[in-house]
Amino acid sequence: MSTIRRFRAMDMLRFNNVNLDRYTETYDLGFYLKYMASWPALFTVAEAPSGSLMGYNMGKVEGKGELWHGHVTALTVAPDCRRLGLARGLMRGLEDASEKIHDCYFVDL
């Protein structure tokens with residue numbers, strides 16, 4: 001069973017198993033820290049019982065008026081943890097936080 005929780009700065013030292021995948025877009029450390037500081041409820045990780053990271057979802061809010069919405073910046077799951085429904089759980093969390101915390105109308109890519 002995995003746990004979905006907010007991303008922490010120290011997670012950047014532990015997410016190589018997720019980030020070093022040819023399908024995953026990677027960013028510089030400052031980019032991750034900006035998202036963590038600006039939209040902490042929209043930056044989450046899936047963590048295994050062993051403590052290893054299984055995936056993460058990074059989002060933000062943007063737009064004006066009726067176009068105020070959540071945006072998925074990155075959603076990735078480690079290759080050996082795929083097909084377990086982790087991305088679905090991470091997305092559900094982003095959608096819920098966008099609506100309930102940031103009062104967004106929708107979420108886009």
# chains A, B, ... in the order shown; residues from 1 in each chain; ligands from 1
call {"tool": "select_by_dssp", "arguments": {"residues": "chain A", "states": "strand (DSSP E)", "output": "PyMOL selection string"}}
result
chain A and resi 3-6+43-47+53-62+69-77+106-108
call {"tool": "write_last_selection", "arguments": {"atoms": "N, CA and C atoms", "output": "CSV table (one decimal), in the first residue's frame"}}
result
chain,number,residue,atom,x,y,z
A,3,THR,N,1.4,5.6,0.1
A,3,THR,CA,0.8,6.8,0.7
A,3,THR,C,1.0,8.0,-0.2
A,4,ILE,N,0.0,8.8,-0.4
A,4,ILE,CA,0.1,10.0,-1.2
A,4,ILE,C,0.2,11.2,-0.2
A,5,ARG,N,1.3,12.0,-0.3
A,5,ARG,CA,1.5,13.1,0.6
A,5,ARG,C,2.1,14.2,-0.1
A,6,ARG,N,2.2,15.4,0.5
A,6,ARG,CA,2.8,16.6,-0.1
A,6,ARG,C,4.3,16.3,-0.3
A,43,PHE,N,1.5,19.7,-5.3
A,43,PHE,CA,2.7,19.0,-5.5
A,43,PHE,C,2.8,17.8,-4.6
A,44,THR,N,2.5,16.6,-5.0
A,44,THR,CA,2.4,15.5,-4.2
A,44,THR,C,3.2,14.3,-4.7
A,45,VAL,N,3.6,13.4,-3.8
A,45,VAL,CA,4.3,12.2,-4.2
A,45,VAL,C,3.6,11.0,-3.7
A,46,ALA,N,3.8,9.9,-4.4
A,46,ALA,CA,3.3,8.5,-3.9
A,46,ALA,C,4.6,7.9,-3.3
A,47,GLU,N,4.4,7.4,-2.1
A,47,GLU,CA,5.6,6.8,-1.4
A,47,GLU,C,5.2,5.4,-1.0
A,53,LEU,N,10.2,6.6,-3.3
A,53,LEU,CA,9.2,7.3,-4.1
A,53,LEU,C,8.8,6.5,-5.3
A,54,MET,N,7.5,6.5,-5.5
A,54,MET,CA,6.9,5.7,-6.6
A,54,MET,C,6.4,6.6,-7.7
A,55,GLY,N,6.2,7.9,-7.5
A,55,GLY,CA,5.8,8.8,-8.5
A,55,GLY,C,5.5,10.1,-7.9
A,56,TYR,N,5.2,11.1,-8.7
A,56,TYR,CA,4.8,12.4,-8.2
A,56,TYR,C,3.9,13.2,-9.2
A,57,ASN,N,3.2,14.2,-8.7
A,57,ASN,CA,2.4,15.0,-9.5
A,57,ASN,C,2.7,16.5,-9.1
A,58,MET,N,3.0,17.3,-10.1
A,58,MET,CA,3.3,18.7,-9.9
A,58,MET,C,2.3,19.6,-10.6
A,59,GLY,N,1.6,20.4,-9.9
A,59,GLY,CA,0.6,21.3,-10.6
A,59,GLY,C,0.7,22.7,-10.1
A,60,LYS,N,-0.1,23.6,-10.7
A,60,LYS,CA,-0.2,25.0,-10.3
A,60,LYS,C,-1.6,25.4,-10.7
A,61,VAL,N,-1.9,26.7,-10.3
A,61,VAL,CA,-3.2,27.3,-10.7
A,61,VAL,C,-2.9,28.5,-11.5
A,62,GLU,N,-3.8,28.8,-12.5
A,62,GLU,CA,-3.6,29.9,-13.4
A,62,GLU,C,-4.9,30.3,-14.0
A,69,HIS,N,-8.1,27.9,-13.2
A,69,HIS,CA,-8.1,26.5,-13.3
A,69,HIS,C,-6.7,25.9,-12.7
A,70,GLY,N,-6.8,24.6,-12.5
A,70,GLY,CA,-5.6,23.9,-12.1
A,70,GLY,C,-4.9,23.4,-13.4
A,71,HIS,N,-3.6,23.3,-13.3
A,71,HIS,CA,-2.8,22.9,-14.5
A,71,HIS,C,-1.8,21.8,-14.0
A,72,VAL,N,-1.8,20.7,-14.8
A,72,VAL,CA,-0.8,19.6,-14.5
A,72,VAL,C,0.5,19.9,-15.2
A,73,THR,N,1.5,20.2,-14.4
A,73,THR,CA,2.8,20.4,-15.0
A,73,THR,C,3.6,19.1,-15.3
A,74,ALA,N,3.5,18.2,-14.3
A,74,ALA,CA,4.2,16.9,-14.5
A,74,ALA,C,3.4,15.9,-13.7
A,75,LEU,N,3.3,14.7,-14.3
A,75,LEU,CA,2.7,13.5,-13.6
A,75,LEU,C,3.5,12.4,-14.1
A,76,THR,N,4.2,11.7,-13.2
A,76,THR,CA,5.1,10.6,-13.6
A,76,THR,C,5.1,9.5,-12.5
A,77,VAL,N,5.2,8.3,-12.9
A,77,VAL,CA,5.3,7.1,-12.0
A,77,VAL,C,6.5,6.3,-12.4
A,106,PHE,N,-11.8,23.9,-13.3
A,106,PHE,CA,-11.4,22.7,-14.0
A,106,PHE,C,-9.9,22.5,-13.9
A,107,VAL,N,-9.4,21.4,-14.4
A,107,VAL,CA,-7.9,21.1,-14.5
A,107,VAL,C,-7.6,20.8,-15.9
A,108,ASP,N,-6.5,21.3,-16.4
A,108,ASP,CA,-6.0,21.0,-17.8
A,108,ASP,C,-4.6,20.5,-17.8
call {"tool": "closest_residue", "arguments": {"among": "A:Ala41, A:Ala9, A:Gly30, A:Ser50", "to": "A:Leu90", "atoms": "only C-alpha atoms"}}
result
A:Ala41
call {"tool": "select_by_dssp", "arguments": {"residues": "chain A", "states": "alpha helix (DSSP H)", "output": "list in words"}}
result
Asn16, Asn17, Val18, Asn19, Leu29, Gly30, Phe31, Tyr32, Leu33, Lys34, Tyr35, Met36, Ala37, Ser38, Leu86, Ala87, Arg88, Gly89, Leu90, Met91, Arg92, Gly93, Leu94, Glu95, Asp96, Ala97, Ser98, Glu99 and Lys100 of chain A
call {"tool": "atom_distance", "arguments": {"atom1": "atom CA of A:Phe15", "atom2": "atom CA of A:Ile101"}}
result
26.3 Å
call {"tool": "atom_distance", "arguments": {"atom1": "atom CA of A:Asn17", "atom2": "atom CA of A:Ala78"}}
result
6.2 Å
